[in-house]
$ cat target23.tsv   # TSV, C-alpha atoms
chain	number	residue	atom	x	y	z
A	25	MET	CA	7.30	-6.59	15.51
A	26	ILE	CA	10.25	-5.50	13.31
A	27	GLN	CA	9.28	-7.12	10.01
A	28	GLY	CA	6.03	-5.17	9.57
A	29	PRO	CA	7.59	-1.68	9.78
A	30	LEU	CA	10.50	-2.77	7.58
A	31	LEU	CA	8.17	-4.13	4.89
A	32	ALA	CA	6.06	-0.95	4.94
A	33	THR	CA	9.15	1.26	4.71
A	34	LEU	CA	10.61	-0.64	1.75
A	35	SER	CA	7.19	-0.49	0.06
A	36	ALA	CA	7.11	3.27	0.64
A	37	VAL	CA	10.52	3.80	-0.96
A	38	LEU	CA	9.51	1.91	-4.12
A	39	PHE	CA	6.15	3.66	-4.42
A	40	GLY	CA	7.37	7.10	-3.34
A	41	ILE	CA	9.61	7.50	-6.36
A	42	SER	CA	6.86	6.50	-8.81
A	43	PRO	CA	5.33	9.99	-9.39
A	44	VAL	CA	8.72	11.30	-10.49
A	45	LEU	CA	9.39	8.33	-12.77
A	46	CYS	CA	5.89	8.60	-14.25
A	47	LYS	CA	6.45	12.31	-14.88
A	48	LEU	CA	9.55	11.38	-16.88
A	49	VAL	CA	7.73	8.93	-19.17
A	50	ILE	CA	4.17	10.25	-19.46
A	51	GLY	CA	4.71	12.70	-22.34
A	52	GLU	CA	1.49	12.75	-24.39
A	53	ILE	CA	0.34	9.27	-23.32
A	54	SER	CA	-3.26	8.99	-22.21
A	55	PRO	CA	-3.21	8.95	-18.38
A	56	ILE	CA	-5.68	6.06	-18.52
A	57	LEU	CA	-3.25	4.03	-20.64
A	58	LEU	CA	-0.39	4.89	-18.27
A	59	ALA	CA	-2.43	3.61	-15.31
A	60	GLY	CA	-3.15	0.40	-17.21
A	61	LEU	CA	0.49	-0.13	-18.16
A	62	LEU	CA	1.64	0.45	-14.58
A	63	TYR	CA	-0.65	-2.24	-13.20
A	64	LEU	CA	-0.08	-4.60	-16.11
A	65	GLY	CA	3.66	-4.27	-15.47
A	66	SER	CA	2.94	-5.12	-11.85
A	67	GLY	CA	1.10	-8.30	-12.84
A	68	ILE	CA	3.74	-9.39	-15.37
A	69	GLY	CA	6.62	-8.81	-12.97
A	70	LEU	CA	4.90	-10.73	-10.19
A	71	SER	CA	4.13	-13.64	-12.52
A	72	PHE	CA	7.84	-14.48	-12.62
A	73	VAL	CA	7.87	-14.52	-8.82
A	74	LEU	CA	4.78	-16.76	-8.75
A	75	ILE	CA	6.45	-19.22	-11.10
A	76	ARG	CA	9.49	-19.36	-8.85
A	77	GLN	CA	7.26	-19.87	-5.80
A	78	HIS	CA	5.27	-22.60	-7.62
A	79	ILE	CA	2.02	-20.70	-7.04
A	80	ASN	CA	-0.84	-21.15	-9.51
A	81	ILE	CA	-2.77	-17.88	-9.67
A	82	ILE	CA	-5.88	-19.53	-11.16
A	83	ARG	CA	-6.00	-22.03	-8.31
A	84	GLU	CA	-5.56	-19.23	-5.78
A	85	ILE	CA	-8.51	-17.34	-7.28
A	86	ARG	CA	-10.69	-20.43	-6.99
A	87	CYS	CA	-9.70	-20.87	-3.35
A	88	ILE	CA	-10.82	-17.37	-2.32
A	89	SER	CA	-13.98	-17.47	-0.22
A	90	ARG	CA	-17.08	-15.65	-1.49
A	91	HIS	CA	-16.81	-13.09	1.31
A	92	HIS	CA	-13.20	-12.34	0.44
A	93	ARG	CA	-13.98	-12.20	-3.29
A	94	TYR	CA	-16.28	-9.24	-2.69
A	95	LYS	CA	-13.56	-7.50	-0.69
A	96	LEU	CA	-10.98	-8.24	-3.38
A	97	LEU	CA	-13.32	-6.86	-6.05
A	98	GLY	CA	-13.79	-3.70	-3.99
A	99	ALA	CA	-10.02	-3.40	-3.51
A	100	VAL	CA	-9.39	-3.80	-7.25
A	101	LEU	CA	-11.99	-1.17	-8.16
A	102	ALA	CA	-10.94	1.33	-5.48
A	103	GLY	CA	-7.18	0.86	-5.50
A	104	GLY	CA	-6.53	-0.57	-8.96
A	105	VAL	CA	-8.93	1.41	-11.15
A	106	ILE	CA	-10.20	4.63	-9.54
A	107	ALA	CA	-7.17	5.62	-7.43
A	108	PRO	CA	-4.50	5.21	-10.14
A	109	LEU	CA	-6.67	7.06	-12.66
A	110	CYS	CA	-6.91	9.99	-10.25
A	111	LEU	CA	-3.18	9.81	-9.55
A	112	VAL	CA	-1.94	9.74	-13.15
A	113	TYR	CA	-4.15	12.68	-14.10
A	114	GLY	CA	-2.76	14.48	-11.06
A	115	ILE	CA	0.78	13.65	-12.18
A	116	LYS	CA	0.11	14.86	-15.74
A	117	TYR	CA	-1.27	18.23	-14.69
A	118	GLY	CA	0.65	18.86	-11.45
A	119	ARG	CA	4.23	19.08	-10.20
A	120	ALA	CA	5.85	15.84	-9.10
A	121	SER	CA	6.88	17.30	-5.73
A	122	GLU	CA	3.30	18.45	-5.06
A	123	VAL	CA	1.88	15.07	-6.00
A	124	ALA	CA	4.44	13.23	-3.86
A	125	LEU	CA	3.65	15.43	-0.86
A	126	LEU	CA	-0.10	14.98	-1.09
A	127	LEU	CA	0.35	11.20	-1.11
A	128	ASN	CA	0.96	11.59	2.63
A	129	LEU	CA	-2.80	11.84	2.96
A	130	GLU	CA	-3.17	8.16	2.05
A	131	ALA	CA	-1.83	7.30	5.50
A	132	VAL	CA	-4.39	9.58	7.14
A	133	ALA	CA	-7.27	8.24	5.02
A	134	THR	CA	-6.29	4.64	5.75
A	135	THR	CA	-6.17	5.23	9.51
A	136	ILE	CA	-9.50	7.06	9.67
A	137	ILE	CA	-11.24	4.34	7.65
A	138	ALA	CA	-9.61	1.59	9.75
A	139	TRP	CA	-10.76	3.33	12.93
A	140	LEU	CA	-14.28	4.35	11.87
A	141	ILE	CA	-15.42	1.38	9.77
A	142	PHE	CA	-13.19	-1.57	10.65
A	143	LYS	CA	-12.88	-0.64	14.36
A	144	GLU	CA	-9.09	-0.97	14.37
A	145	GLN	CA	-7.72	0.30	17.65
A	146	VAL	CA	-5.65	3.46	17.19
A	147	SER	CA	-3.54	4.75	20.07
A	148	ARG	CA	-2.65	8.30	20.99
A	149	ASN	CA	0.85	7.94	19.52
A	150	VAL	CA	-0.63	6.94	16.15
A	151	TRP	CA	-2.97	9.93	16.16
A	152	VAL	CA	-0.11	12.26	17.08
A	153	GLY	CA	1.85	10.83	14.17
A	154	LYS	CA	-1.05	11.47	11.78
A	155	VAL	CA	-1.43	15.06	13.01
A	156	LEU	CA	2.26	15.69	12.40
A	157	ILE	CA	1.94	14.23	8.90
A	158	VAL	CA	-1.01	16.51	8.10
A	159	LEU	CA	0.84	19.47	9.61
A	160	ALA	CA	3.87	18.71	7.44
A	161	ALA	CA	1.67	18.60	4.34
A	162	SER	CA	-0.12	21.80	5.37
A	163	ILE	CA	3.15	23.69	5.76
A	164	ILE	CA	4.14	22.88	2.19
A	165	ILE	CA	0.69	23.76	0.80
A	166	LEU	CA	0.24	26.99	2.78
A	167	LYS	CA	3.76	28.20	2.04
A	168	SER	CA	3.79	27.27	-1.64
A	169	PRO	CA	4.85	30.00	-4.10
A	170	GLU	CA	1.38	29.98	-5.65
A	171	GLY	CA	-0.29	30.56	-2.29
A	172	LEU	CA	-3.21	28.58	-0.90
A	173	VAL	CA	-4.71	27.24	-4.11
A	174	LEU	CA	-7.01	24.23	-4.40
A	175	SER	CA	-5.66	22.90	-7.69
A	176	THR	CA	-7.33	20.30	-9.88
A	177	SER	CA	-4.20	18.18	-9.59
A	178	GLY	CA	-4.34	18.38	-5.80
A	179	ILE	CA	-8.00	17.35	-5.68
A	180	LEU	CA	-7.29	14.33	-7.89
A	181	VAL	CA	-4.41	13.18	-5.69
A	182	VAL	CA	-6.52	13.57	-2.54
A	183	LEU	CA	-9.24	11.43	-4.15
A	184	ALA	CA	-6.59	8.84	-5.05
A	185	CYS	CA	-5.48	8.74	-1.42
A	186	ILE	CA	-9.04	8.21	-0.19
A	187	PHE	CA	-9.63	5.30	-2.57
A	188	TRP	CA	-6.26	3.77	-1.69
A	189	GLY	CA	-7.27	4.07	1.96
A	190	ILE	CA	-10.38	2.00	1.15
A	191	ASP	CA	-8.24	-0.45	-0.82
A	192	ASN	CA	-5.75	-0.87	2.05
A	193	ASN	CA	-8.46	-1.76	4.53
A	194	LEU	CA	-10.21	-4.19	2.20
A	195	THR	CA	-6.94	-5.86	1.19
A	196	ARG	CA	-5.95	-6.36	4.83
A	197	ASP	CA	-8.79	-8.84	5.36
A	198	VAL	CA	-8.11	-10.96	2.26
A	199	ASP	CA	-5.58	-13.04	4.19
A	200	ASP	CA	-6.17	-16.52	2.72
A	201	VAL	CA	-4.19	-15.72	-0.47
A	202	PRO	CA	-0.38	-15.36	-0.67
A	203	ALA	CA	0.60	-11.70	-0.91
A	204	THR	CA	2.33	-12.21	-4.27
A	205	ALA	CA	-0.74	-13.86	-5.80
A	206	LEU	CA	-3.05	-11.19	-4.39
A	207	ALA	CA	-0.90	-8.39	-5.83
A	208	ALA	CA	-0.72	-10.16	-9.23
A	209	ILE	CA	-4.51	-10.57	-9.33
A	210	LYS	CA	-4.95	-6.87	-8.65
A	211	GLY	CA	-2.27	-5.98	-11.20
A	212	TYR	CA	-3.76	-7.95	-14.09
A	213	SER	CA	-7.36	-6.98	-13.28
A	214	ALA	CA	-6.70	-3.26	-12.97
A	215	GLY	CA	-4.16	-3.19	-15.82
A	216	LEU	CA	-6.35	-4.88	-18.40
A	217	PHE	CA	-9.42	-2.85	-17.40
A	218	ASN	CA	-7.63	0.48	-17.79
A	219	ILE	CA	-5.96	-0.52	-21.08
A	220	ILE	CA	-9.33	-1.54	-22.53
A	221	LEU	CA	-10.82	1.76	-21.34
A	222	ALA	CA	-7.92	3.66	-22.93
A	223	ALA	CA	-8.44	1.76	-26.20
A	224	VAL	CA	-12.03	3.03	-26.27
A	225	LEU	CA	-11.16	6.63	-25.35
A	226	GLY	CA	-7.81	6.93	-27.16
A	227	PHE	CA	-4.18	6.06	-26.41
A	228	GLY	CA	-2.72	9.46	-27.18
A	229	THR	CA	0.80	9.72	-28.64
A	230	ILE	CA	2.99	6.88	-27.41
A	231	GLU	CA	6.42	5.45	-28.19
A	232	VAL	CA	7.95	2.02	-27.47
A	233	HIS	CA	10.36	3.29	-24.81
A	234	GLN	CA	7.43	4.85	-22.93
A	235	ILE	CA	5.60	1.51	-22.87
A	236	GLY	CA	8.71	-0.26	-21.60
A	237	GLY	CA	9.34	2.41	-18.99
A	238	ALA	CA	5.76	2.29	-17.71
A	239	LEU	CA	5.81	-1.52	-17.46
A	240	LEU	CA	9.12	-1.42	-15.57
A	241	ILE	CA	7.86	1.23	-13.16
A	242	GLY	CA	4.75	-0.86	-12.59
A	243	ALA	CA	6.77	-4.01	-11.86
A	244	PHE	CA	8.74	-2.38	-9.06
A	245	SER	CA	6.82	0.67	-7.78
A	246	TYR	CA	3.42	-1.06	-7.91
A	247	GLY	CA	4.03	-4.83	-7.99
A	248	ALA	CA	6.94	-5.29	-5.59
A	249	SER	CA	5.74	-2.37	-3.47
A	250	LEU	CA	2.26	-3.86	-3.16
A	251	VAL	CA	3.60	-7.28	-2.10
A	252	LEU	CA	5.67	-5.63	0.62
A	253	PHE	CA	2.73	-3.50	1.75
A	254	ILE	CA	0.34	-6.46	1.93
A	255	GLY	CA	2.90	-8.23	4.08
A	256	ALA	CA	2.99	-5.20	6.38
A	257	LEU	CA	-0.83	-5.03	6.54
A	258	ARG	CA	-0.98	-8.63	7.74
A	259	LYS	CA	1.67	-8.06	10.40
A	260	ILE	CA	0.83	-4.66	11.89
A	261	GLY	CA	-2.59	-3.65	10.49
A	262	SER	CA	-3.77	-0.80	8.28
A	263	ALA	CA	-3.25	2.23	10.50
A	264	ARG	CA	0.33	1.41	11.44
A	265	SER	CA	1.37	0.23	7.97
A	266	SER	CA	0.11	3.46	6.45
A	267	THR	CA	2.06	5.52	8.98
A	268	TYR	CA	5.36	3.90	8.03
A	269	PHE	CA	4.33	4.18	4.38
A	270	ALA	CA	4.05	7.94	4.84
A	271	ILE	CA	7.80	8.30	4.43
A	272	GLY	CA	7.39	7.42	0.73
A	273	PRO	CA	6.15	10.83	-0.44
A	274	PHE	CA	9.29	12.48	0.87
A	275	ILE	CA	11.37	9.97	-1.05
A	276	GLY	CA	9.42	11.22	-4.07
A	277	ILE	CA	10.15	14.85	-3.28
A	278	LEU	CA	13.88	14.16	-2.92
A	279	SER	CA	13.76	12.30	-6.23
A	280	SER	CA	12.10	15.29	-7.88
A	281	LEU	CA	15.02	17.44	-6.71
A	282	ILE	CA	17.54	15.10	-8.32
A	283	LEU	CA	15.76	13.92	-11.47
A	284	LEU	CA	13.45	16.83	-12.33
A	285	HIS	CA	15.49	19.63	-10.75
A	286	GLU	CA	12.46	20.96	-8.88
A	287	GLN	CA	13.44	23.29	-6.03
A	288	PRO	CA	11.02	23.48	-3.09
A	289	ALA	CA	11.54	26.37	-0.66
A	290	ALA	CA	13.57	26.11	2.56
A	291	PHE	CA	10.50	25.34	4.70
A	292	PHE	CA	10.42	21.94	2.97
A	293	TRP	CA	13.06	20.74	5.44
A	294	LEU	CA	10.85	21.72	8.38
A	295	ALA	CA	8.10	19.58	6.87
A	296	THR	CA	10.59	16.73	6.51
A	297	VAL	CA	11.46	16.92	10.21
A	298	LEU	CA	7.77	16.89	11.16
A	299	MET	CA	7.18	13.89	8.92
A	300	LEU	CA	10.01	11.92	10.50
A	301	ALA	CA	8.73	12.90	13.93
A	302	GLY	CA	5.32	11.51	12.99
A	303	VAL	CA	6.85	8.18	11.98
A	304	LEU	CA	8.94	8.04	15.16
A	305	CYS	CA	5.76	8.43	17.23
A	306	LEU	CA	4.68	5.03	15.96
A	307	TYR	CA	7.95	3.41	16.99
A	308	ARG	CA	7.21	4.47	20.57
A	309	GLU	CA	3.85	2.73	20.59
A	310	ARG	CA	3.48	-0.23	22.91
A	311	HIS	CA	0.15	-2.07	22.89
A	312	GLU	CA	-0.21	-4.85	25.47
A	313	HIS	CA	-3.20	-6.28	27.34
A	314	PRO	CA	-4.93	-9.62	28.04
A	315	HIS	CA	-6.77	-10.77	24.92
A	316	VAL	CA	-8.61	-13.82	23.64
A	317	HIS	CA	-7.90	-15.64	20.37
A	318	GLU	CA	-11.03	-17.34	19.10
A	319	ALA	CA	-10.59	-20.71	17.41
A	320	VAL	CA	-10.02	-20.14	13.69
A	321	THR	CA	-8.86	-21.96	10.56
A	322	HIS	CA	-6.99	-19.89	8.01
A	323	ARG	CA	-3.93	-19.75	5.78
A	324	HIS	CA	-0.84	-17.56	5.61
A	325	GLN	CA	2.92	-17.82	5.59
A	326	HIS	CA	4.27	-18.59	9.07
A	327	THR	CA	7.04	-20.16	11.13
A	328	HIS	CA	6.94	-22.14	14.38
A	329	ASP	CA	10.12	-21.05	16.06
A	330	GLN	CA	9.30	-18.78	19.01
A	331	ASP	CA	5.73	-18.30	17.80
A	332	GLU	CA	3.11	-19.44	20.28
A	333	HIS	CA	0.31	-18.92	17.77
A	334	HIS	CA	1.48	-21.73	15.51
A	335	HIS	CA	1.90	-24.88	17.57
A	336	HIS	CA	0.09	-27.23	15.23
A	337	PRO	CA	1.14	-30.64	13.83
A	338	HIS	CA	2.48	-31.24	10.31
A	339	GLY	CA	2.88	-34.08	7.90
A	340	GLU	CA	6.26	-35.51	7.03
A	341	ASP	CA	6.60	-33.34	3.91
A	342	ASP	CA	5.68	-30.05	5.56
A	343	ASP	CA	8.67	-29.27	7.77
A	344	SER	CA	10.37	-26.44	5.83
A	345	GLU	CA	9.98	-22.89	7.19
A	346	PRO	CA	8.58	-20.42	6.51
A	347	HIS	CA	5.68	-22.29	4.91
A	348	ASP	CA	2.12	-21.57	3.80
A	349	HIS	CA	-0.85	-23.88	4.43
A	350	TYR	CA	-4.26	-24.01	6.09
A	351	HIS	CA	-3.93	-24.55	9.84
A	352	VAL	CA	-6.09	-24.45	12.95
A	353	HIS	CA	-5.65	-22.05	15.86
A	354	GLU	CA	-7.13	-23.31	19.10
A	355	SER	CA	-8.76	-20.81	21.46
A	356	LEU	CA	-6.10	-19.01	23.49
A	357	ASN	CA	-6.13	-16.36	26.23
A	358	HIS	CA	-2.83	-14.59	26.98
A	359	THR	CA	-0.96	-11.29	27.25
A	360	HIS	CA	1.87	-9.91	25.12
A	361	VAL	CA	2.83	-6.88	23.04
A	362	HIS	CA	0.94	-7.01	19.74
A	363	TRP	CA	-0.36	-5.05	16.78
A	364	PRO	CA	-3.49	-5.75	14.67
A	365	ASP	CA	-2.00	-8.52	12.54
A	366	THR	CA	-4.04	-11.47	11.24
A	367	HIS	CA	-4.16	-12.96	14.75
A	368	HIS	CA	-4.98	-9.82	16.76
A	369	ARG	CA	-8.08	-8.20	15.30
A	370	HIS	CA	-10.06	-8.15	18.49
A	371	GLY	CA	-12.20	-5.46	20.06
A	372	HIS	CA	-10.94	-2.94	22.61
A	373	TYR	CA	-12.81	-1.33	25.46
$ encode --input "target23.tsv" --output "structure tokens"
Amino acid sequence: MIQGPLLATLSAVLFGISPVLCKLVIGEISPILLAGLLYLGSGIGLSFVLIRQHINIIREIRCISRHHRYKLLGAVLAGGVIAPLCLVYGIKYGRASEVALLLNLEAVATTIIAWLIFKEQVSRNVWVGKVLIVLAASIIILKSPEGLVLSTSGILVVLACIFWGIDNNLTRDVDDVPATALAAIKGYSAGLFNIILAAVLGFGTIEVHQIGGALLIGAFSYGASLVLFIGALRKIGSARSSTYFAIGPFIGILSSLILLHEQPAAFFWLATVLMLAGVLCLYRERHEHPHVHEAVTHRHQHTHDQDEHHHHPHGEDDDSEPHDHYHVHESLNHTHVHWPDTHHRHGHY
């Protein structure tokens, strides 16, 4: 119950600072090339982690079921190709603080999609949190020095948030692949696609330090952040992960004050308070009722200590924890506090 929010928060910090860092390195680079370098950096950085974890990414791809392959393809296209293209164009033509703020809408998009399409149960506290997040964003937009203006940059960032909302919900269900491998697959796929596209359309003016900077930003703000976020998705579901993730944009705004010397007006701090209030609403959520676990065979990292969902036998060489292997869950009917992790995606009435 604690790990999921912590993972989502750490992911938010790494990703929240990325618009500011990208603004520092973009120069005259093609936004398409920047998107490709960010995701390629993600894949390269995660490859070192995969080597240390003794995970073969090719073998993991072969093990993905056909059903999950379609979802992974959709996640790569939505969150690895379309969304970052929209974001980097928004970063190029907009202010970093504006872009960071509008990224709050990813949390709202993720929750609405999880509720409407994937039938994820969303409590009143979660909805209150989302309303506060939208209100915080609205205060900044309505009180901006330029007035209420629907900018091209803003539209692009909103589109990025919608496609990342789709990506988050699709990625949540691809739970038979280690998070690191899944993030690396998305990084290489999206990175190479966008770089090839940029080669066709033009790279723009680029220098070596910009390439290195983009790859480094991708390794941490996209690669490491994505691994942490996937871990949160599997523990607390899409709607709740995205709510904790909503703190990231304000990390970005604070970074823009320090690194880019942008100076939002005083009402920014009111929006900050509303944002934190929205996140705190989620901490107050308590979801508990009798529920049935259907028998299922799947794979994910788990432990056995104080975990009644994982009382299965092991071979002699499989006693280290946490560990990752296919295992069987017998049918179980019980009551406890839970969130929509990989074991609690049941209907509600």
$ closest_atom_pairs --input "target23.tsv" --of "segment 67-135 of chain A" --to "segment 238-247 of chain A" --cutoff "8 Å" --atoms "only C-alpha atoms" --output "Markdown table"
| residue | atom | partner | partner_atom | distance |
| --- | --- | --- | --- | --- |
| A:Gly67 | CA | A:Gly247 | CA | 6.6 |
| A:Ile68 | CA | A:Ala243 | CA | 7.1 |
| A:Gly69 | CA | A:Ala243 | CA | 4.9 |
| A:Leu70 | CA | A:Gly247 | CA | 6.4 |
$ atom_distance --input "target23.tsv" --atom1 "atom CA of Thr195 of chain A" --atom2 "atom CA of Val181 of chain A"
20.4 Å
$ closest_residue --input "target23.tsv" --among "A:Ser279, A:Thr229, A:Thr267, A:Thr176" --to "Pro55 of chain A" --atoms "only C-alpha atoms"
A:Thr229
$ residues_near_point --input "target23.tsv" --point "(-7.6, -7.5, -6.7)" --cutoff "10 Å" --atoms "only C-alpha atoms" --output "mmCIF file with C-alpha atoms, in the coordinates of the input"
data_model
loop_
_atom_site.group_PDB
_atom_site.id
_atom_site.type_symbol
_atom_site.label_atom_id
_atom_site.label_comp_id
_atom_site.auth_asym_id
_atom_site.auth_seq_id
_atom_site.Cartn_x
_atom_site.Cartn_y
_atom_site.Cartn_z
ATOM 1 C CA ILE A 85 -8.510 -17.340 -7.280
ATOM 2 C CA ARG A 93 -13.980 -12.200 -3.290
ATOM 3 C CA TYR A 94 -16.280 -9.240 -2.690
ATOM 4 C CA LYS A 95 -13.560 -7.500 -0.690
ATOM 5 C CA LEU A 96 -10.980 -8.240 -3.380
ATOM 6 C CA LEU A 97 -13.320 -6.860 -6.050
ATOM 7 C CA GLY A 98 -13.790 -3.700 -3.990
ATOM 8 C CA ALA A 99 -10.020 -3.400 -3.510
ATOM 9 C CA VAL A 100 -9.390 -3.800 -7.250
ATOM 10 C CA LEU A 101 -11.990 -1.170 -8.160
ATOM 11 C CA ALA A 102 -10.940 1.330 -5.480
ATOM 12 C CA GLY A 103 -7.180 0.860 -5.500
ATOM 13 C CA GLY A 104 -6.530 -0.570 -8.960
ATOM 14 C CA ASP A 191 -8.240 -0.450 -0.820
ATOM 15 C CA LEU A 194 -10.210 -4.190 2.200
ATOM 16 C CA THR A 195 -6.940 -5.860 1.190
ATOM 17 C CA VAL A 198 -8.110 -10.960 2.260
ATOM 18 C CA ALA A 205 -0.740 -13.860 -5.800
ATOM 19 C CA LEU A 206 -3.050 -11.190 -4.390
ATOM 20 C CA ALA A 207 -0.900 -8.390 -5.830
ATOM 21 C CA ALA A 208 -0.720 -10.160 -9.230
ATOM 22 C CA ILE A 209 -4.510 -10.570 -9.330
ATOM 23 C CA LYS A 210 -4.950 -6.870 -8.650
ATOM 24 C CA GLY A 211 -2.270 -5.980 -11.200
ATOM 25 C CA TYR A 212 -3.760 -7.950 -14.090
ATOM 26 C CA SER A 213 -7.360 -6.980 -13.280
ATOM 27 C CA ALA A 214 -6.700 -3.260 -12.970
#
$ closest_residue --input "target23.tsv" --among "A:Leu61, A:Val251, A:Val112, A:Leu159" --to "Leu38 of chain A" --atoms "all atoms listed in the file"
A:Val251
$ closest_residue --input "target23.tsv" --among "A:Arg119, A:Leu180, A:Ala36, A:Ala131" --to "Leu156 of chain A" --atoms "only C-alpha atoms"
A:Ala131
$ atom_distance --input "target23.tsv" --atom1 "atom CA of Gly189 of chain A" --atom2 "atom CA of Leu64 of chain A"
21.3 Å
$ atom_distance --input "target23.tsv" --atom1 "atom CA of Gly226 of chain A" --atom2 "atom CA of Leu57 of chain A"
8.5 Å
$ residues_around --input "target23.tsv" --residues "Ile56 of chain A" --least-positions-apart "5" --cutoff "10 Å" --atoms "all atoms listed in the file" --output "NGL selection string"
:A and (61 or 105 or 108-110 or 112-113 or 215 or 217-223 or 225-228)
$ closest_residue --input "target23.tsv" --among "A:Thr135, A:Ile275, A:Gly51, A:Phe269" --to "Lys116 of chain A" --atoms "all atoms listed in the file"
A:Gly51
$ residues_around --input "target23.tsv" --residues "Val132 of chain A" --least-positions-apart "4" --cutoff "8 Å" --atoms "only C-alpha atoms" --output "JSON, numbers by chain"
{"A": [128, 136, 154, 158, 266, 267]}
$ write_last_selection --input "target23.tsv" --atoms "C-alpha atoms" --output "compact mmCIF listing (two decimals), keeping the file's coordinate frame"
# COMPACT_ATOMS: atom_id res chain seq x y z
CA ASN A 128 0.96 11.59 2.63
CA ILE A 136 -9.50 7.06 9.67
CA LYS A 154 -1.05 11.47 11.78
CA VAL A 158 -1.01 16.51 8.10
CA SER A 266 0.11 3.46 6.45
CA THR A 267 2.06 5.52 8.98
$ residues_around --input "target23.tsv" --residues "Arg196 of chain A" --least-positions-apart "3" --cutoff "8 Å" --atoms "all atoms listed in the file" --output "list in words"
Asn192, Asn193, Asp199, Ile254, Leu257, Arg258, Gly261 and Ser262 of chain A
$ closest_residue --input "target23.tsv" --among "A:Ala295, A:Ile157, A:Cys305, A:Ile260" --to "Ala32 of chain A" --atoms "all atoms listed in the file"
A:Ile260
$ closest_residue --input "target23.tsv" --among "A:Ile190, A:Ala124, A:Val297, A:Leu74" --to "Ala138 of chain A" --atoms "all atoms listed in the file"
A:Ile190
$ decode --input "target23.tsv" --residues "segment 219-235 of chain A" --atoms "N, CA and C atoms" --output "mmCIF file, in the first residue's frame"
data_model
loop_
_atom_site.group_PDB
_atom_site.id
_atom_site.type_symbol
_atom_site.label_atom_id
_atom_site.label_comp_id
_atom_site.auth_asym_id
_atom_site.auth_seq_id
_atom_site.Cartn_x
_atom_site.Cartn_y
_atom_site.Cartn_z
ATOM 1 N N ILE A 219 13.597 8.573 -34.736
ATOM 2 C CA ILE A 219 14.867 8.965 -35.358
ATOM 3 C C ILE A 219 14.815 8.719 -36.863
ATOM 4 N N ILE A 220 14.242 7.588 -37.271
ATOM 5 C CA ILE A 220 14.086 7.306 -38.701
ATOM 6 C C ILE A 220 13.183 8.352 -39.352
ATOM 7 N N LEU A 221 12.099 8.701 -38.668
ATOM 8 C CA LEU A 221 11.186 9.723 -39.192
ATOM 9 C C LEU A 221 11.900 11.069 -39.325
ATOM 10 N N ALA A 222 12.728 11.405 -38.321
ATOM 11 C CA ALA A 222 13.475 12.660 -38.374
ATOM 12 C C ALA A 222 14.495 12.653 -39.504
ATOM 13 N N ALA A 223 15.097 11.477 -39.771
ATOM 14 C CA ALA A 223 16.060 11.374 -40.869
ATOM 15 C C ALA A 223 15.392 11.668 -42.207
ATOM 16 N N VAL A 224 14.138 11.277 -42.339
ATOM 17 C CA VAL A 224 13.394 11.528 -43.581
ATOM 18 C C VAL A 224 13.019 12.998 -43.695
ATOM 19 N N LEU A 225 12.594 13.603 -42.572
ATOM 20 C CA LEU A 225 12.080 14.973 -42.604
ATOM 21 C C LEU A 225 13.148 16.034 -42.334
ATOM 22 N N GLY A 226 14.286 15.617 -41.782
ATOM 23 C CA GLY A 226 15.356 16.579 -41.492
ATOM 24 C C GLY A 226 15.687 16.665 -40.021
ATOM 25 N N PHE A 227 16.997 16.658 -39.689
ATOM 26 C CA PHE A 227 17.441 16.681 -38.302
ATOM 27 C C PHE A 227 17.477 18.089 -37.711
ATOM 28 N N GLY A 228 17.522 19.105 -38.555
ATOM 29 C CA GLY A 228 17.725 20.444 -38.056
ATOM 30 C C GLY A 228 19.201 20.651 -37.723
ATOM 31 N N THR A 229 19.502 21.719 -36.990
ATOM 32 C CA THR A 229 20.885 21.997 -36.572
ATOM 33 C C THR A 229 21.138 21.360 -35.217
ATOM 34 N N ILE A 230 22.166 20.499 -35.155
ATOM 35 C CA ILE A 230 22.398 19.744 -33.929
ATOM 36 C C ILE A 230 23.882 19.644 -33.628
ATOM 37 N N GLU A 231 24.225 19.684 -32.350
ATOM 38 C CA GLU A 231 25.599 19.553 -31.901
ATOM 39 C C GLU A 231 25.737 18.331 -30.993
ATOM 40 N N VAL A 232 26.987 17.888 -30.794
ATOM 41 C CA VAL A 232 27.246 16.656 -30.038
ATOM 42 C C VAL A 232 26.723 16.763 -28.616
ATOM 43 N N HIS A 233 26.933 17.909 -27.960
ATOM 44 C CA HIS A 233 26.495 18.022 -26.569
ATOM 45 C C HIS A 233 24.976 17.946 -26.448
ATOM 46 N N GLN A 234 24.259 18.364 -27.506
ATOM 47 C CA GLN A 234 22.804 18.263 -27.479
ATOM 48 C C GLN A 234 22.360 16.810 -27.573
ATOM 49 N N ILE A 235 23.059 16.022 -28.389
ATOM 50 C CA ILE A 235 22.742 14.589 -28.487
ATOM 51 C C ILE A 235 22.976 13.915 -27.141
#
